[in-house]
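S.K.: Please find entry.txt (compact mmCIF, C-alpha atoms) on the next line:
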# COMPACT_ATOMS: atom_id res chain seq x y z
CA MET A 437 -28.81 -2.49 -10.41
CA PRO A 438 -29.09 -0.40 -7.24
CA LYS A 439 -27.43 2.99 -7.23
CA ARG A 440 -24.47 3.31 -4.95
CA ALA A 441 -24.44 6.04 -2.28
CA ILE A 442 -21.78 7.14 0.20
CA VAL A 443 -23.08 7.70 3.73
CA LEU A 444 -21.13 9.71 6.30
CA LEU A 445 -21.54 7.64 9.43
CA SER A 446 -20.42 9.11 12.75
CA GLY A 447 -22.23 6.60 14.92
CA GLY A 448 -24.77 9.05 16.32
CA ILE A 449 -28.54 9.14 15.94
CA ASP A 450 -28.65 11.36 12.87
CA SER A 451 -26.13 9.53 10.73
CA ALA A 452 -27.54 6.12 11.72
CA THR A 453 -31.00 7.26 10.66
CA CYS A 454 -29.56 8.71 7.49
CA LEU A 455 -28.08 5.33 6.62
CA TYR A 456 -31.51 3.73 6.88
CA VAL A 457 -33.08 6.51 4.83
CA ALA A 458 -30.53 5.80 2.08
CA LYS A 459 -31.44 2.12 2.19
CA LYS A 460 -35.13 2.96 2.13
CA GLU A 461 -34.52 5.07 -0.99
CA LYS A 462 -33.07 1.96 -2.65
CA PHE A 463 -29.48 3.08 -2.59
CA LEU A 464 -26.66 0.64 -1.95
CA PRO A 465 -24.75 2.46 0.79
CA HIS A 466 -21.05 2.47 1.49
CA CYS A 467 -20.22 4.22 4.75
CA LEU A 468 -17.30 6.47 5.61
CA ILE A 469 -16.28 6.52 9.24
CA PHE A 470 -13.77 9.13 10.41
CA ASP A 471 -11.10 8.59 12.99
CA TYR A 472 -9.91 12.16 13.44
CA GLY A 473 -8.74 12.40 17.01
CA GLN A 474 -12.18 12.98 18.48
CA LYS A 475 -12.48 12.57 22.25
CA HIS A 476 -15.52 10.36 21.81
CA LYS A 477 -13.51 7.81 19.89
CA ARG A 478 -15.98 5.19 20.95
CA GLU A 479 -18.43 6.54 18.37
CA ILE A 480 -16.15 4.82 15.81
CA GLU A 481 -16.99 1.41 17.30
CA SER A 482 -20.68 2.34 17.24
CA ALA A 483 -20.42 3.32 13.60
CA LYS A 484 -18.76 0.03 12.66
CA LYS A 485 -21.43 -1.94 14.49
CA LEU A 486 -24.16 0.06 12.77
CA ALA A 487 -22.69 -0.56 9.33
CA ARG A 488 -22.30 -4.28 10.00
CA LYS A 489 -25.82 -4.52 11.39
CA ALA A 490 -27.18 -2.77 8.29
CA GLY A 491 -25.18 -5.16 6.12
CA VAL A 492 -23.28 -2.45 4.26
CA GLY A 493 -19.60 -1.86 3.53
CA PHE A 494 -17.53 0.85 5.11
CA SER A 495 -14.13 2.55 4.98
CA ILE A 496 -12.34 4.03 7.96
CA CYS A 497 -10.72 7.37 7.12
CA LYS A 498 -7.88 8.06 9.45
CA THR A 499 -7.01 11.71 9.44
CA TYR A 500 -6.40 14.39 11.98
CA PHE A 501 -6.28 18.08 12.66
CA PRO A 502 -2.77 18.95 13.86
CA TRP A 503 -3.93 22.53 14.50
CA LYS A 504 -6.83 21.43 16.73
CA GLY A 505 -9.01 24.52 17.26
CA SER A 506 -11.84 22.65 19.00
CA SER A 507 -12.63 21.20 22.41
CA LEU A 508 -13.75 18.03 20.64
CA ILE A 509 -10.18 17.20 19.67
CA ASP A 510 -7.98 19.26 21.99
CA PRO A 511 -7.27 17.56 25.33
CA ARG A 512 -6.42 20.94 26.85
CA ILE A 513 -9.97 22.27 26.41
CA LYS A 514 -12.89 20.83 28.35
CA ILE A 515 -16.11 19.90 26.55
CA PRO A 516 -18.54 22.62 27.64
CA LYS A 517 -21.88 21.96 29.31
CA ARG A 518 -23.79 24.40 27.23
CA GLY A 519 -22.64 27.15 24.95
CA ARG A 520 -23.77 30.51 23.79
CA GLY A 521 -23.33 31.07 20.08
CA ILE A 522 -21.18 28.47 18.36
CA PRO A 523 -19.73 26.27 21.11
CA SER A 524 -16.08 25.23 21.41
CA THR A 525 -16.99 21.75 20.15
CA TYR A 526 -17.18 23.21 16.63
CA VAL A 527 -14.32 21.68 14.61
CA PRO A 528 -13.12 24.13 11.92
CA ALA A 529 -14.25 23.01 8.46
CA ARG A 530 -14.94 19.47 9.62
CA ASN A 531 -18.04 18.86 7.55
CA MET A 532 -16.35 20.43 4.53
CA ILE A 533 -13.48 17.97 4.90
CA PHE A 534 -15.74 14.98 5.48
CA LEU A 535 -17.96 15.89 2.54
CA SER A 536 -14.94 16.33 0.28
CA PHE A 537 -13.68 12.88 1.20
CA ALA A 538 -17.15 11.46 0.61
CA LEU A 539 -17.27 13.08 -2.82
CA SER A 540 -13.86 11.67 -3.62
CA CYS A 541 -15.06 8.22 -2.62
CA ALA A 542 -18.29 8.71 -4.58
CA GLU A 543 -16.37 9.64 -7.72
CA ALA A 544 -13.97 6.72 -7.37
CA MET A 545 -16.78 4.23 -6.70
CA GLY A 546 -19.24 5.65 -9.23
CA ALA A 547 -21.79 6.57 -6.55
CA LYS A 548 -24.68 8.85 -7.39
CA ALA A 549 -25.18 10.47 -4.00
CA VAL A 550 -23.57 11.40 -0.70
CA PHE A 551 -25.79 11.28 2.39
CA ILE A 552 -25.04 13.38 5.44
CA GLY A 553 -27.21 13.49 8.56
CA ALA A 554 -26.71 17.22 9.14
CA ASN A 555 -29.46 18.84 11.14
CA ALA A 556 -30.23 22.52 11.60
CA VAL A 557 -33.05 22.29 14.15
CA ASP A 558 -31.95 20.52 17.33
CA PHE A 559 -28.28 21.36 16.92
CA SER A 560 -25.43 23.38 18.40
CA GLY A 561 -25.51 26.13 15.80
CA TYR A 562 -22.57 24.88 13.78
CA PRO A 563 -22.54 26.79 10.47
CA ASP A 564 -21.68 23.64 8.51
CA CYS A 565 -24.98 22.01 9.46
CA ARG A 566 -27.19 24.60 7.76
CA PRO A 567 -29.06 24.22 4.44
CA ASP A 568 -27.27 27.27 2.99
CA PHE A 569 -23.92 25.58 3.28
CA TYR A 570 -25.06 22.42 1.50
CA ARG A 571 -26.58 24.45 -1.30
CA ALA A 572 -23.36 26.38 -1.82
CA PHE A 573 -21.21 23.28 -1.52
CA SER A 574 -23.34 21.47 -4.09
CA ALA A 575 -22.71 24.32 -6.50
CA ALA A 576 -18.96 24.04 -5.86
CA LEU A 577 -18.82 20.32 -6.51
CA LYS A 578 -20.40 20.84 -9.90
CA LYS A 579 -17.39 22.98 -10.78
CA GLY A 580 -14.64 20.97 -9.13
CA LEU A 581 -15.43 17.33 -9.84
CA LYS A 582 -15.07 15.29 -12.98
CA ASN A 583 -18.49 13.75 -12.33
CA LYS A 584 -20.88 16.66 -11.93
CA ASN A 585 -23.92 14.49 -11.25
CA ILE A 586 -23.23 13.46 -7.67
CA SER A 587 -25.82 14.92 -5.34
CA ILE A 588 -25.48 15.76 -1.67
CA LYS A 589 -28.49 14.56 0.29
CA THR A 590 -29.43 15.99 3.67
CA PRO A 591 -32.75 14.25 4.40
CA LEU A 592 -32.82 15.23 8.09
CA ILE A 593 -31.75 18.84 7.89
CA ARG A 594 -35.11 20.39 8.77
CA LYS A 595 -36.39 17.76 11.18
CA LYS A 596 -36.60 17.97 14.95
CA LYS A 597 -34.59 15.34 16.81
CA SER A 598 -37.86 13.69 17.88
CA GLU A 599 -39.02 13.48 14.27
CA ILE A 600 -35.70 11.89 13.31
CA ILE A 601 -36.11 9.29 16.04
CA ILE A 602 -39.72 8.54 15.06
CA LEU A 603 -38.62 8.14 11.44
CA GLY A 604 -35.70 5.95 12.47
CA LYS A 605 -37.91 3.76 14.64
CA SER A 606 -40.19 3.16 11.66
CA LEU A 607 -37.15 2.14 9.60
CA GLY A 608 -35.76 -0.19 12.25
CA VAL A 609 -32.65 1.82 13.20
CA PRO A 610 -30.91 0.00 16.08
CA TYR A 611 -30.45 3.03 18.34
CA GLU A 612 -28.97 0.80 21.03
CA LEU A 613 -25.82 0.71 18.89
CA THR A 614 -25.48 4.48 18.53
CA TRP A 615 -23.30 6.83 20.57
CA SER A 616 -23.81 10.56 21.02
CA CYS A 617 -21.92 11.82 24.09
CA TYR A 618 -19.02 14.12 23.23
CA ARG A 619 -17.10 13.11 26.32
CA GLY A 620 -16.92 9.50 25.26
CA GLY A 621 -16.80 8.02 28.76
CA MET A 622 -18.18 4.67 29.91
CA ALA A 623 -21.70 6.10 30.04
CA PRO A 624 -23.23 9.23 28.48
CA CYS A 625 -22.45 12.35 30.55
CA ARG A 626 -26.00 13.72 30.09
CA VAL A 627 -24.81 17.33 30.21
CA CYS A 628 -22.99 17.98 26.92
CA ASP A 629 -24.98 19.46 24.03
CA SER A 630 -25.09 16.16 22.24
CA CYS A 631 -26.49 14.27 25.24
CA ARG A 632 -29.08 16.98 25.86
CA PHE A 633 -30.38 17.00 22.29
CA ARG A 634 -30.55 13.22 22.37
CA ALA A 635 -32.50 13.15 25.65
CA LYS A 636 -34.90 15.83 24.43
CA GLY A 637 -35.43 13.91 21.20
CA PHE A 638 -36.30 10.63 22.87
CA ARG A 639 -38.51 12.39 25.42
CA GLU A 640 -40.48 14.29 22.76
CA ALA A 641 -40.68 11.22 20.53
CA GLY A 642 -42.14 9.20 23.39
CA PHE A 643 -39.50 6.47 23.32
CA GLU A 644 -37.02 5.30 25.90
CA ASP A 645 -33.38 5.85 25.03
CA PRO A 646 -31.90 2.34 25.00
CA LEU A 647 -28.57 3.74 26.28
CA VAL A 648 -30.06 5.21 29.46
CA MET B 980 1.60 42.51 12.88
CA PRO B 981 1.81 40.52 9.65
CA LYS B 982 -1.30 38.68 8.58
CA ARG B 983 -1.05 34.93 8.72
CA ALA B 984 -1.76 32.89 5.54
CA ILE B 985 -1.92 29.16 4.92
CA VAL B 986 -0.08 28.02 1.79
CA LEU B 987 -0.74 24.64 0.18
CA LEU B 988 2.73 23.44 -0.68
CA SER B 989 3.14 20.38 -2.87
CA GLY B 990 6.80 20.93 -3.66
CA GLY B 991 6.24 21.74 -7.35
CA ILE B 992 6.92 24.92 -9.26
CA ASP B 993 3.49 26.47 -8.84
CA SER B 994 3.12 26.01 -5.10
CA ALA B 995 6.74 27.08 -4.47
CA THR B 996 6.12 30.27 -6.44
CA CYS B 997 2.84 30.77 -4.61
CA LEU B 998 4.68 30.66 -1.28
CA TYR B 999 6.96 33.47 -2.41
CA VAL B 1000 4.01 35.48 -3.71
CA ALA B 1001 2.40 35.19 -0.27
CA LYS B 1002 5.62 36.44 1.34
CA LYS B 1003 5.84 39.27 -1.16
CA GLU B 1004 2.28 40.27 -0.24
CA LYS B 1005 3.49 40.59 3.37
CA PHE B 1006 1.71 37.54 4.68
CA LEU B 1007 3.28 35.31 7.30
CA PRO B 1008 2.87 31.90 5.66
CA HIS B 1009 2.30 28.56 7.31
CA CYS B 1010 2.52 25.70 4.80
CA LEU B 1011 0.47 22.53 4.62
CA ILE B 1012 2.19 19.57 3.01
CA PHE B 1013 0.14 16.47 2.20
CA ASP B 1014 1.33 12.92 2.47
CA TYR B 1015 -1.58 11.15 0.77
CA GLY B 1016 -0.07 8.08 -0.82
CA GLN B 1017 1.16 9.86 -3.95
CA LYS B 1018 3.66 7.94 -6.08
CA HIS B 1019 5.92 10.96 -6.22
CA LYS B 1020 6.37 10.91 -2.48
CA ARG B 1021 9.67 12.65 -2.91
CA GLU B 1022 7.78 15.89 -3.55
CA ILE B 1023 7.16 15.87 0.22
CA GLU B 1024 10.89 16.21 0.90
CA SER B 1025 11.06 19.00 -1.67
CA ALA B 1026 8.19 20.79 0.04
CA LYS B 1027 9.85 20.55 3.44
CA LYS B 1028 13.11 21.90 2.05
CA LEU B 1029 11.27 24.75 0.35
CA ALA B 1030 9.47 25.72 3.57
CA ARG B 1031 12.71 25.60 5.57
CA LYS B 1032 14.56 27.62 2.96
CA ALA B 1033 11.79 30.23 2.99
CA GLY B 1034 11.97 30.31 6.78
CA VAL B 1035 8.31 29.48 7.33
CA GLY B 1036 6.51 26.90 9.46
CA PHE B 1037 4.70 23.90 8.07
CA SER B 1038 2.43 21.02 9.04
CA ILE B 1039 2.45 17.61 7.40
CA CYS B 1040 -1.08 16.29 6.85
CA LYS B 1041 -1.05 12.57 6.63
CA THR B 1042 -4.16 11.27 4.99
CA TYR B 1043 -5.02 8.89 2.26
CA PHE B 1044 -7.60 7.81 -0.26
CA PRO B 1045 -8.52 4.17 0.47
CA TRP B 1046 -10.71 4.14 -2.64
CA LYS B 1047 -7.86 5.30 -4.90
CA GLY B 1048 -9.48 6.22 -8.24
CA SER B 1049 -6.31 7.74 -9.75
CA SER B 1050 -3.07 6.58 -11.34
CA LEU B 1051 -1.26 9.03 -9.07
CA ILE B 1052 -2.03 6.90 -6.01
CA ASP B 1053 -2.94 3.46 -7.38
CA PRO B 1054 0.08 1.20 -7.95
CA ARG B 1055 -2.00 -0.93 -10.35
CA ILE B 1056 -2.40 1.95 -12.84
CA LYS B 1057 0.56 3.35 -14.74
CA ILE B 1058 1.13 7.11 -14.95
CA PRO B 1059 0.20 7.97 -18.54
CA LYS B 1060 2.50 9.72 -20.98
CA ARG B 1061 -0.11 12.08 -22.25
CA GLY B 1062 -3.86 12.09 -21.87
CA ARG B 1063 -6.87 13.12 -23.80
CA GLY B 1064 -9.48 14.90 -21.71
CA ILE B 1065 -8.93 14.61 -17.98
CA PRO B 1066 -6.02 12.17 -17.50
CA SER B 1067 -5.96 9.28 -15.04
CA THR B 1068 -3.66 11.28 -12.74
CA TYR B 1069 -6.72 13.28 -11.64
CA VAL B 1070 -7.35 12.46 -7.97
CA PRO B 1071 -11.06 12.70 -7.16
CA ALA B 1072 -11.83 15.82 -5.10
CA ARG B 1073 -8.20 16.24 -4.07
CA ASN B 1074 -8.07 20.03 -4.20
CA MET B 1075 -11.43 20.19 -2.43
CA ILE B 1076 -9.99 18.10 0.39
CA PHE B 1077 -6.72 20.03 0.56
CA LEU B 1078 -8.52 23.37 0.52
CA SER B 1079 -10.88 22.24 3.26
CA PHE B 1080 -7.95 21.25 5.46
CA ALA B 1081 -6.29 24.57 4.70
CA LEU B 1082 -9.45 26.43 5.70
CA SER B 1083 -9.64 24.41 8.90
CA CYS B 1084 -6.04 25.32 9.66
CA ALA B 1085 -6.70 28.95 8.73
CA GLU B 1086 -9.66 29.14 11.10
CA ALA B 1087 -7.76 27.49 13.94
CA MET B 1088 -4.70 29.73 13.46
CA GLY B 1089 -6.60 32.94 12.76
CA ALA B 1090 -5.21 33.23 9.22
CA LYS B 1091 -6.76 35.65 6.77
CA ALA B 1092 -6.03 33.79 3.54
CA VAL B 1093 -5.35 30.43 1.95
CA PHE B 1094 -2.98 30.39 -1.02
CA ILE B 1095 -3.14 27.66 -3.63
CA GLY B 1096 -0.96 27.52 -6.75
CA ALA B 1097 -3.71 26.20 -9.00
CA ASN B 1098 -3.19 26.95 -12.66
CA ALA B 1099 -5.66 26.70 -15.52
CA VAL B 1100 -3.35 27.47 -18.45
CA ASP B 1101 -0.45 24.99 -18.68
CA PHE B 1102 -2.29 22.21 -16.86
CA SER B 1103 -3.79 18.76 -17.36
CA GLY B 1104 -7.41 19.91 -17.51
CA TYR B 1105 -8.26 18.98 -13.94
CA PRO B 1106 -11.60 20.61 -13.09
CA ASP B 1107 -10.43 21.57 -9.61
CA CYS B 1108 -7.77 23.88 -11.05
CA ARG B 1109 -10.20 26.22 -12.79
CA PRO B 1110 -11.27 29.72 -11.65
CA ASP B 1111 -14.95 28.66 -11.60
CA PHE B 1112 -14.29 26.12 -8.93
CA TYR B 1113 -12.49 28.56 -6.65
CA ARG B 1114 -15.25 31.10 -7.04
CA ALA B 1115 -17.89 28.55 -6.09
CA PHE B 1116 -15.82 27.16 -3.24
CA SER B 1117 -15.25 30.65 -1.85
CA ALA B 1118 -19.02 31.13 -1.76
CA ALA B 1119 -19.41 27.82 0.09
CA LEU B 1120 -16.84 28.67 2.75
CA LYS B 1121 -18.73 31.85 3.57
CA LYS B 1122 -21.68 29.65 4.50
CA GLY B 1123 -19.88 26.81 6.23
CA LEU B 1124 -17.17 28.40 8.36
CA LYS B 1125 -17.39 30.32 11.60
CA ASN B 1126 -14.95 32.88 10.23
CA LYS B 1127 -16.42 34.08 6.96
CA ASN B 1128 -13.56 36.42 6.13
CA ILE B 1129 -10.93 33.94 5.02
CA SER B 1130 -10.15 34.38 1.36
CA ILE B 1131 -8.86 31.82 -1.11
CA LYS B 1132 -6.05 33.24 -3.22
CA THR B 1133 -5.06 31.78 -6.57
CA PRO B 1134 -2.45 34.25 -7.83
CA LEU B 1135 -1.16 31.97 -10.61
CA ILE B 1136 -4.42 30.67 -12.02
CA ARG B 1137 -4.31 32.57 -15.31
CA LYS B 1138 -0.57 32.57 -15.89
CA LYS B 1139 1.41 30.47 -18.34
CA LYS B 1140 4.02 28.22 -16.78
CA SER B 1141 6.75 30.42 -18.25
CA GLU B 1142 5.21 33.51 -16.65
CA ILE B 1143 5.10 31.70 -13.32
CA ILE B 1144 8.79 30.84 -13.61
CA ILE B 1145 9.75 34.39 -14.60
CA LEU B 1146 7.78 35.70 -11.63
CA GLY B 1147 9.35 33.13 -9.33
CA LYS B 1148 12.85 33.94 -10.54
CA SER B 1149 12.25 37.60 -9.71
CA LEU B 1150 11.14 36.58 -6.21
CA GLY B 1151 14.12 34.28 -5.63
CA VAL B 1152 12.26 30.95 -5.64
CA PRO B 1153 14.86 28.16 -5.29
CA TYR B 1154 13.58 25.97 -8.14
CA GLU B 1155 16.47 23.58 -7.60
CA LEU B 1156 14.57 22.37 -4.53
CA THR B 1157 11.28 21.70 -6.35
CA TRP B 1158 10.01 18.41 -7.72
CA SER B 1159 7.41 17.95 -10.46
CA CYS B 1160 7.63 14.44 -11.95
CA TYR B 1161 4.60 12.29 -11.19
CA ARG B 1162 6.63 9.12 -11.35
CA GLY B 1163 8.88 10.16 -8.50
CA GLY B 1164 11.94 8.23 -9.64
CA MET B 1165 15.56 9.17 -9.11
CA ALA B 1166 15.41 11.66 -11.98
CA PRO B 1167 12.45 13.33 -13.75
CA CYS B 1168 10.92 10.98 -16.37
CA ARG B 1169 10.48 13.84 -18.87
CA VAL B 1170 7.39 12.25 -20.41
CA CYS B 1171 4.59 12.65 -17.85
CA ASP B 1172 2.32 15.70 -18.11
CA SER B 1173 3.96 17.34 -15.17
CA CYS B 1174 7.48 16.99 -16.63
CA ARG B 1175 6.31 18.24 -20.00
CA PHE B 1176 4.67 21.38 -18.62
CA ARG B 1177 7.76 22.07 -16.55
CA ALA B 1178 10.12 21.69 -19.51
CA LYS B 1179 7.92 23.89 -21.71
CA GLY B 1180 7.79 26.52 -18.97
CA PHE B 1181 11.55 26.74 -18.53
CA ARG B 1182 12.12 26.71 -22.27
CA GLU B 1183 9.63 29.53 -22.91
CA ALA B 1184 10.89 31.50 -19.93
CA GLY B 1185 14.44 31.27 -21.23
CA PHE B 1186 15.89 29.66 -18.12
CA GLU B 1187 17.63 26.35 -17.58
CA ASP B 1188 15.79 23.91 -15.37
CA PRO B 1189 18.19 23.32 -12.46
CA LEU B 1190 16.95 19.71 -12.20
CA VAL B 1191 17.92 18.78 -15.76
As structure tokens, please, write out the structure in this file.
M.R.:
Amino acid sequence: MPKRAIVLLSGGIDSATCLYVAKKEKFLPHCLIFDYGQKHKREIESAKKLARKAGVGFSICKTYFPWKGSSLIDPRIKIPKRGRGIPSTYVPARNMIFLSFALSCAEAMGAKAVFIGANAVDFSGYPDCRPDFYRAFSAALKKGLKNKNISIKTPLIRKKKSEIIILGKSLGVPYELTWSCYRGGMAPCRVCDSCRFRAKGFREAGFEDPLV
Amino acid sequence: MPKRAIVLLSGGIDSATCLYVAKKEKFLPHCLIFDYGQKHKREIESAKKLARKAGVGFSICKTYFPWKGSSLIDPRIKIPKRGRGIPSTYVPARNMIFLSFALSCAEAMGAKAVFIGANAVDFSGYPDCRPDFYRAFSAALKKGLKNKNISIKTPLIRKKKSEIIILGKSLGVPYELTWSCYRGGMAPCRVCDSCRFRAKGFREAGFEDPLV
């Protein structure tokens, strides 16, 4: 019987690739998709399409951050073009919250692993995307959960965006279904951090971005 | 200027006492109250009354656990009278999720501390109520948050329920506004774990429970 895994699926390149890595590793994935008031709400539709295309189940987690604290969820703050240090798109404790929900789901469903497409190379410097954080969080889950044998998997954390795309291409990831732009308009803005990392990745990987 | 603190307020004895401890320590508390599909939904009303009575602000966090995995949120599973080991009322990763939200709120509001009324003496054996877990989680937050100086405070973790009640009485906690029973009926059931620990606490403390 295949082992169940929970995959955090945002609808972007990294999480889509992560889903296919989980499949490749013979896990039976169940995806969690978060509707948390993000400006680029359309990533939710991308995530659903990706899960359906991959033939896996998913749950939508509706939650929100009443206290905001990020340009990604606060309509009063503009998404920046490019930041110094940690940009305003950082959402306080977001990955901690998402991971905790994924662990809850994993425990309830008897899953062995939680996959998250965090990346600490071509990224905005968010602290909750770094290997250190996942190491420390893994130690905490061993203390706080009933099932201490769930592992957090971050297969992309040390890869360049171009390496992620090359890997994904080899696994058949349908990148035409993904969405990256933080502004969530009709077409990618091409200037936010997320668009820039995506463009750089495709360029360096030698592929055309199907969204452009 | 008083330091801001986030207090996780369920509406029970421990969290109510914790709120008054935070006030005593000269923090300016902001409470988080979770509406997560719990059977004892009426604890939410208790929590709101407690926050109002204490004169502090609060946010209601509406979220839920689509995967259930606990008799506290699954209508198909009865709340047990008394469990062996970790009872079915354990909600997978609940405190991890609540703490993560509290840390998010703390970061967004510039709070210095998060208070949680976890208790590892007169408790049901939930792993996420033990000191070990809070130690490990505190290490993880230092890696994952932008603000690494938020501390998690568990002032009641090693106290007996009776000691908590004696402390709370000295601080003026209005226990008549609290709610503990997991079944959430019109009156406390007096047989669930939560009712039993409450009764034992009041008895050992030498006070009458205002709800009985």
S.K.: Do you have the CA of Ser1117 (chain B)-CA of Ser1130 (chain B) distance handy?
M.R.: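 These atoms are spaced 7.1 Å apart.
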S.K.: Considering all atoms listed in the file, can you say which of B:Ser1083, B:Asn1126, B:Ser1050, B:Thr1133 comes closest to chain A?
M.R.: B:Ser1083
S.K.: So, with only C-alpha atoms as the atoms that count, which of B:Gly1096, B:Gly1104, B:Gly990, B:Gly1089 lies closest to Leu1029 (chain B)?
M.R.: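 Closest residue, counting only C-alpha atoms: B:Gly990.
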S.K.: Please identify all residues of chain B having at least one atom at most 8 Å from any atom of chain A, considering only C-alpha atoms, and return them as a ChimeraX atom specification.
M.R.: /B:1038,1040-1048,1065,1070-1073,1075-1076,1079-1080,1082-1084,1086-1088,1105-1109,1111-1113,1115-1116,1118-1120,1122-1125
S.K.: Those selected residues, please, written with C-alpha atoms and delivered as a PDB file, in the frame of the given file.
M.R.:
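Result went into selection.pdb, see below:
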ATOM      1  CA  SER B1038       2.430  21.020   9.040  1.00  0.00           C
ATOM      2  CA  CYS B1040      -1.080  16.290   6.850  1.00  0.00           C
ATOM      3  CA  LYS B1041      -1.050  12.570   6.630  1.00  0.00           C
ATOM      4  CA  THR B1042      -4.160  11.270   4.990  1.00  0.00           C
ATOM      5  CA  TYR B1043      -5.020   8.890   2.260  1.00  0.00           C
ATOM      6  CA  PHE B1044      -7.600   7.810  -0.260  1.00  0.00           C
ATOM      7  CA  PRO B1045      -8.520   4.170   0.470  1.00  0.00           C
ATOM      8  CA  TRP B1046     -10.710   4.140  -2.640  1.00  0.00           C
ATOM      9  CA  LYS B1047      -7.860   5.300  -4.900  1.00  0.00           C
ATOM     10  CA  GLY B1048      -9.480   6.220  -8.240  1.00  0.00           C
ATOM     11  CA  ILE B1065      -8.930  14.610 -17.980  1.00  0.00           C
ATOM     12  CA  VAL B1070      -7.350  12.460  -7.970  1.00  0.00           C
ATOM     13  CA  PRO B1071     -11.060  12.700  -7.160  1.00  0.00           C
ATOM     14  CA  ALA B1072     -11.830  15.820  -5.100  1.00  0.00           C
ATOM     15  CA  ARG B1073      -8.200  16.240  -4.070  1.00  0.00           C
ATOM     16  CA  MET B1075     -11.430  20.190  -2.430  1.00  0.00           C
ATOM     17  CA  ILE B1076      -9.990  18.100   0.390  1.00  0.00           C
ATOM     18  CA  SER B1079     -10.880  22.240   3.260  1.00  0.00           C
ATOM     19  CA  PHE B1080      -7.950  21.250   5.460  1.00  0.00           C
ATOM     20  CA  LEU B1082      -9.450  26.430   5.700  1.00  0.00           C
ATOM     21  CA  SER B1083      -9.640  24.410   8.900  1.00  0.00           C
ATOM     22  CA  CYS B1084      -6.040  25.320   9.660  1.00  0.00           C
ATOM     23  CA  GLU B1086      -9.660  29.140  11.100  1.00  0.00           C
ATOM     24  CA  ALA B1087      -7.760  27.490  13.940  1.00  0.00           C
ATOM     25  CA  MET B1088      -4.700  29.730  13.460  1.00  0.00           C
ATOM     26  CA  TYR B1105      -8.260  18.980 -13.940  1.00  0.00           C
ATOM     27  CA  PRO B1106     -11.600  20.610 -13.090  1.00  0.00           C
ATOM     28  CA  ASP B1107     -10.430  21.570  -9.610  1.00  0.00           C
ATOM     29  CA  CYS B1108      -7.770  23.880 -11.050  1.00  0.00           C
ATOM     30  CA  ARG B1109     -10.200  26.220 -12.790  1.00  0.00           C
ATOM     31  CA  ASP B1111     -14.950  28.660 -11.600  1.00  0.00           C
ATOM     32  CA  PHE B1112     -14.290  26.120  -8.930  1.00  0.00           C
ATOM     33  CA  TYR B1113     -12.490  28.560  -6.650  1.00  0.00           C
ATOM     34  CA  ALA B1115     -17.890  28.550  -6.090  1.00  0.00           C
ATOM     35  CA  PHE B1116     -15.820  27.160  -3.240  1.00  0.00           C
ATOM     36  CA  ALA B1118     -19.020  31.130  -1.760  1.00  0.00           C
ATOM     37  CA  ALA B1119     -19.410  27.820   0.090  1.00  0.00           C
ATOM     38  CA  LEU B1120     -16.840  28.670   2.750  1.00  0.00           C
ATOM     39  CA  LYS B1122     -21.680  29.650   4.500  1.00  0.00           C
ATOM     40  CA  GLY B1123     -19.880  26.810   6.230  1.00  0.00           C
ATOM     41  CA  LEU B1124     -17.170  28.400   8.360  1.00  0.00           C
ATOM     42  CA  LYS B1125     -17.390  30.320  11.600  1.00  0.00           C
TER      43      LYS B1125
END
S.K.: Need to verify the contact set: Arg983 (chain B), 7 Å, all atoms listed in the file, exclusion of same-chain residues closer than 2 positions in sequence. Can you return it as a PDB file with C-alpha atoms, in the frame of the given file?
M.R.:
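Final output, out-v9.pdb:
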ATOM      1  CA  PRO B 981       1.810  40.520   9.650  1.00  0.00           C
ATOM      2  CA  ILE B 985      -1.920  29.160   4.920  1.00  0.00           C
ATOM      3  CA  PHE B1006       1.710  37.540   4.680  1.00  0.00           C
ATOM      4  CA  LEU B1007       3.280  35.310   7.300  1.00  0.00           C
ATOM      5  CA  PRO B1008       2.870  31.900   5.660  1.00  0.00           C
ATOM      6  CA  ALA B1090      -5.210  33.230   9.220  1.00  0.00           C
ATOM      7  CA  LYS B1091      -6.760  35.650   6.770  1.00  0.00           C
TER       8      LYS B1091
END
S.K.: Between CA of Gly642 (chain A) and CA of Ser598 (chain A), what is the spacing in Å?
M.R.: 8.3 Å
S.K.: Can you work out the spacing between CA of Gly521 (chain A) and CA of Lys596 (chain A) in Å, to one decimal?
M.R.: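 Atom-to-atom, CA of Gly521 (chain A) and CA of Lys596 (chain A) are spaced 19.3 Å apart.
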S.K.: What's around region 620-633 of chain A at 10 Å? Count only C-alpha atoms, leave out sequence neighbours fewer than 3 positions away in its own chain, and write the answer as a PyMOL selection string.
M.R.: chain A and resi 448+474-479+515-519+523+525+558-560+596-598+615-617+636-639+647-648
